Amino acid sequence: MYKELLEKKEKMAVIGLGYVGLPIALEFAKKISVIGFDIKPERVEMMKKGIDPSNELDAGAFKNCDIHFTSELEEIREASFYIVAVPTPIDEHKKPDLKPLLAATDSVGRVLSEGDYVVYESTVYPGCTEEDCVPILELNSGLKYIEQFKVGFSPERINPGDKKHTLTKITKVTSGCDPESAEEIAKVYEMVIEAGVHRASSIKVAESAKIIENTQRDINIAFMNELSMIFNKMHINTYEVLEAAGTKWNFLNFSPGLVGGHCIGVDPYYLTYKSAMYGHHAQVINSGRSINDGMGAYVAKQIIIKLANTFPNLKDCRVLVMGATFKENVTDIRNSRVIDVVYELKSFGVGVDLVDPLASAEEVMAEYNLKLEKEPVGPYHAVIIAVGHDEYSNLPEAYFRSITLPGATIADLKGMYRNKLNSLTYWSL
């Protein structure tokens, strides 16, 4: 398969062209023939014009690429090596929502031919690829797993907004359903991954490796958030404590904050769901999730306390929330926990203005029914710097004074303005 792809006798198809799938498709298209498939025709039209709908890649990323973008399922039948990179969210009950993954699998199964390869990049719980996806591929194609088609798992490791740790510079974990497929899949990825490939011993090992990466981060951030709650009661600045503790070589570098997005705030639920099927209650993981899911409400209530202590009538108070995306320097608002802060403040009758230099006002309205203001219009009784966008990192103290009333609180959730605001009431996690 590797040789046929390299000689362009066979084609690759990438299913799902979001922030994960599109970079993969374009990187491979510099070496082999690629078909990029997405179910949304409007997104496909944008990519045909060299525009990344996720705003992660510039027009230069599309140049010198042998790629054909399509939303027509029949057009991917030409491929022999399929990469599935679709979202794996959770539902309203915080259970895995496999609908996008199973729909993509259903589509691939309809065009699968004997000898083809299917590699999944979507984050799933251990066993999902072989237990949930493979039966659909077999049913729709009429082919027998391993004997007539091969399957692998190579978890995505793309970090949105990170211009340093890009696709080719991150070690890729690969796996296959048998020794032959494991080696072929590894060699295919080695075409484009400069950092090299780690060959996992099985698909389940590769699935498990991915799911614990983000779960580990979630637990560590939850610990930081709990420390922040403790130190807040003691009137100790958490960031100063972390700075001091960080002077030891083996102290882990994590910070408190809101944990959203479609990875860290989601993936642990896939692991707890699967562990429960085996009769195990994942205490540490669930505790971490509980703390992080509650941080938006915690932040809002701390602001309410400060407002109530300073201003006579809460319902007359106005708060500016700076940042609506799920993390710094990205446009993605999906599963943003900043929204929890906004909703909680509003529940107390406080007026809230939400601004963000990168988010789309239309998307914010459609997703959360909230208006995204173009500019702050003070005066405000409190300002919450919720997302560490570069645009927010070096604002002068005079700017905050100009949009606030005397006695207003500046809540700096990222600790960016520690020791920089001398004449304003400052609070951070």
# chains A, B, ... in the order shown; residues from 1 in each chain; ligands from 1
$ closest_atom_pairs --of "range 185-247 of chain A" --to "range 27-46 of chain A" --cutoff "10 Å" --atoms "only C-alpha atoms" --output "Markdown table"
| residue | atom | partner | partner_atom | distance |
| --- | --- | --- | --- | --- |
| A:Val188 | CA | A:Phe28 | CA | 9.1 |
| A:Tyr189 | CA | A:Phe28 | CA | 8.6 |
| A:Met191 | CA | A:Lys31 | CA | 7.5 |
| A:Val192 | CA | A:Phe28 | CA | 6.5 |
| A:Ile193 | CA | A:Glu27 | CA | 9.1 |
$ select_by_dssp --residues "range 157-344 of chain A" --states "strand (DSSP E or B)" --output "PyMOL selection string"
chain A and resi 172-174+176+197-199+318-322
$ atom_distance --atom1 "CA of Leu372 in chain A" --atom2 "CA of Lys163 in chain A"
26.6 Å
$ closest_residue --among "A:Val86, A:Ile51, A:Leu101, A:Val387" --to "Lys327 in chain A" --atoms "only C-alpha atoms"
A:Val387
$ closest_residue --among "A:Gly407, A:Val319, A:Val350, A:Val118" --to "Tyr380 in chain A" --atoms "only C-alpha atoms"
A:Val319
$ residues_around --residues "range 146-158 of chain A" --least-positions-apart "3" --cutoff "7 Å" --atoms "only C-alpha atoms" --output "short mmCIF file (atom, residue, chain, number, x, y, z; two decimals) with N, CA and C atoms, in the first residue's frame"
data_model
loop_
_atom_site.label_atom_id
_atom_site.label_comp_id
_atom_site.auth_asym_id
_atom_site.auth_seq_id
_atom_site.Cartn_x
_atom_site.Cartn_y
_atom_site.Cartn_z
N VAL A 20 -8.36 18.95 12.28
CA VAL A 20 -7.49 17.78 12.25
C VAL A 20 -7.30 17.27 10.82
N GLU A 114 -11.84 -4.53 -1.81
CA GLU A 114 -10.90 -5.51 -1.28
C GLU A 114 -9.48 -4.97 -1.35
N GLY A 115 -8.74 -5.12 -0.27
CA GLY A 115 -7.36 -4.66 -0.19
C GLY A 115 -7.21 -3.26 0.37
N ASP A 116 -8.33 -2.57 0.62
CA ASP A 116 -8.27 -1.19 1.13
C ASP A 116 -7.87 -1.14 2.60
N TYR A 117 -7.41 0.05 2.99
CA TYR A 117 -7.05 0.34 4.38
C TYR A 117 -7.96 1.45 4.92
N VAL A 118 -8.36 1.33 6.18
CA VAL A 118 -9.09 2.40 6.87
C VAL A 118 -8.38 2.70 8.18
N VAL A 119 -7.96 3.95 8.34
CA VAL A 119 -7.26 4.35 9.57
C VAL A 119 -8.07 5.44 10.26
N TYR A 120 -8.34 5.23 11.52
CA TYR A 120 -9.11 6.20 12.32
C TYR A 120 -8.16 7.11 13.11
N GLU A 121 -8.48 8.41 13.09
CA GLU A 121 -7.73 9.39 13.89
C GLU A 121 -8.59 9.99 15.00
N SER A 122 -9.90 9.82 14.90
CA SER A 122 -10.82 10.39 15.88
C SER A 122 -10.60 9.76 17.26
N THR A 123 -10.60 10.59 18.28
CA THR A 123 -10.39 10.11 19.65
C THR A 123 -11.58 9.28 20.11
N LEU A 143 -17.18 -7.30 2.91
CA LEU A 143 -15.81 -7.82 2.98
C LEU A 143 -15.48 -8.29 4.38
N THR A 166 3.43 21.63 15.32
CA THR A 166 2.53 21.37 14.20
C THR A 166 2.55 19.88 13.83
N LEU A 167 1.67 19.49 12.91
CA LEU A 167 1.47 18.09 12.56
C LEU A 167 2.77 17.31 12.34
N VAL A 173 1.67 8.27 16.81
CA VAL A 173 1.42 6.90 17.24
C VAL A 173 0.61 6.21 16.16
N THR A 174 1.05 5.04 15.73
CA THR A 174 0.33 4.29 14.70
C THR A 174 0.09 2.85 15.16
N SER A 175 -0.89 2.22 14.55
CA SER A 175 -1.17 0.81 14.87
C SER A 175 -1.96 0.19 13.73
N GLY A 176 -2.00 -1.14 13.70
CA GLY A 176 -2.75 -1.84 12.67
C GLY A 176 -3.37 -3.10 13.23
N CYS A 177 -4.23 -3.72 12.44
CA CYS A 177 -4.96 -4.90 12.90
C CYS A 177 -4.14 -6.18 12.81
N SER A 181 -0.37 -4.75 8.31
CA SER A 181 -1.02 -3.44 8.26
C SER A 181 -0.33 -2.45 9.19
N ILE A 203 -4.23 -1.85 18.17
CA ILE A 203 -5.16 -0.74 18.01
C ILE A 203 -5.64 -0.25 19.37
N ALA A 206 -3.10 1.99 21.04
CA ALA A 206 -3.07 3.32 20.42
C ALA A 206 -4.28 4.14 20.86
N GLU A 207 -5.46 3.52 20.91
CA GLU A 207 -6.66 4.22 21.38
C GLU A 207 -6.48 4.67 22.82
N LYS A 210 -4.05 7.72 23.37
CA LYS A 210 -4.65 9.01 23.08
C LYS A 210 -5.57 9.48 24.19
#
$ closest_residue --among "A:Thr238, A:Thr129, A:Thr272, A:Ser347" --to "Ser255 in chain A" --atoms "only C-alpha atoms"
A:Thr238
$ closest_residue --among "A:Ser80, A:Asn55, A:Thr171, A:Ser290" --to "Leu5 in chain A" --atoms "only C-alpha atoms"
A:Ser80
$ closest_residue --among "A:Ala59, A:Val266, A:Val341, A:Val205" --to "Asp218 in chain A" --atoms "only C-alpha atoms"
A:Val266
$ closest_residue --among "A:Ser201, A:Gln283, A:Thr409, A:Asn225" --to "Leu242 in chain A" --atoms "only C-alpha atoms"
A:Asn225
$ atom_distance --atom1 "CA of Tyr269 in chain A" --atom2 "CA of Ile285 in chain A"
8.5 Å
$ atom_distance --atom1 "CA of Gly109 in chain A" --atom2 "CA of Tyr82 in chain A"
10.4 Å
$ residues_around --residues "Ile136 in chain A" --least-positions-apart "5" --cutoff "9 Å" --atoms "only C-alpha atoms" --output "compact mmCIF listing (two decimals) with C-alpha atoms, in the first residue's frame"
# COMPACT_ATOMS: atom_id res chain seq x y z
CA LEU A 102 -20.41 5.92 12.83
CA THR A 105 -17.77 4.69 8.93
CA ASP A 106 -21.06 3.92 7.22
CA GLY A 109 -18.07 1.01 4.19
CA SER A 141 -18.81 -3.62 2.15
$ residues_around --residues "Gly288 in chain A" --least-positions-apart "3" --cutoff "12 Å" --atoms "only C-alpha atoms" --output "list in words"
Asn214, Thr215, Gln216, Arg217, Asp218, Ile219, Asn220, Ile221, Ala222, Phe223, Met224, Asn225, Glu226, Val259, Ile264, Gly265, Pro268, Tyr269, Thr272, Ala282, Gln283, Val284, Ile285, Ile291, Asn292, Asp293, Gly294 and Met295 of chain A
$ select_by_dssp --residues "range 236-396 of chain A" --states "helix (DSSP H, G or I)" --output "number ranges by chain"
A: 238-245, 267-277, 283-293, 295-310, 314-316, 338-347, 361-368, 390-392
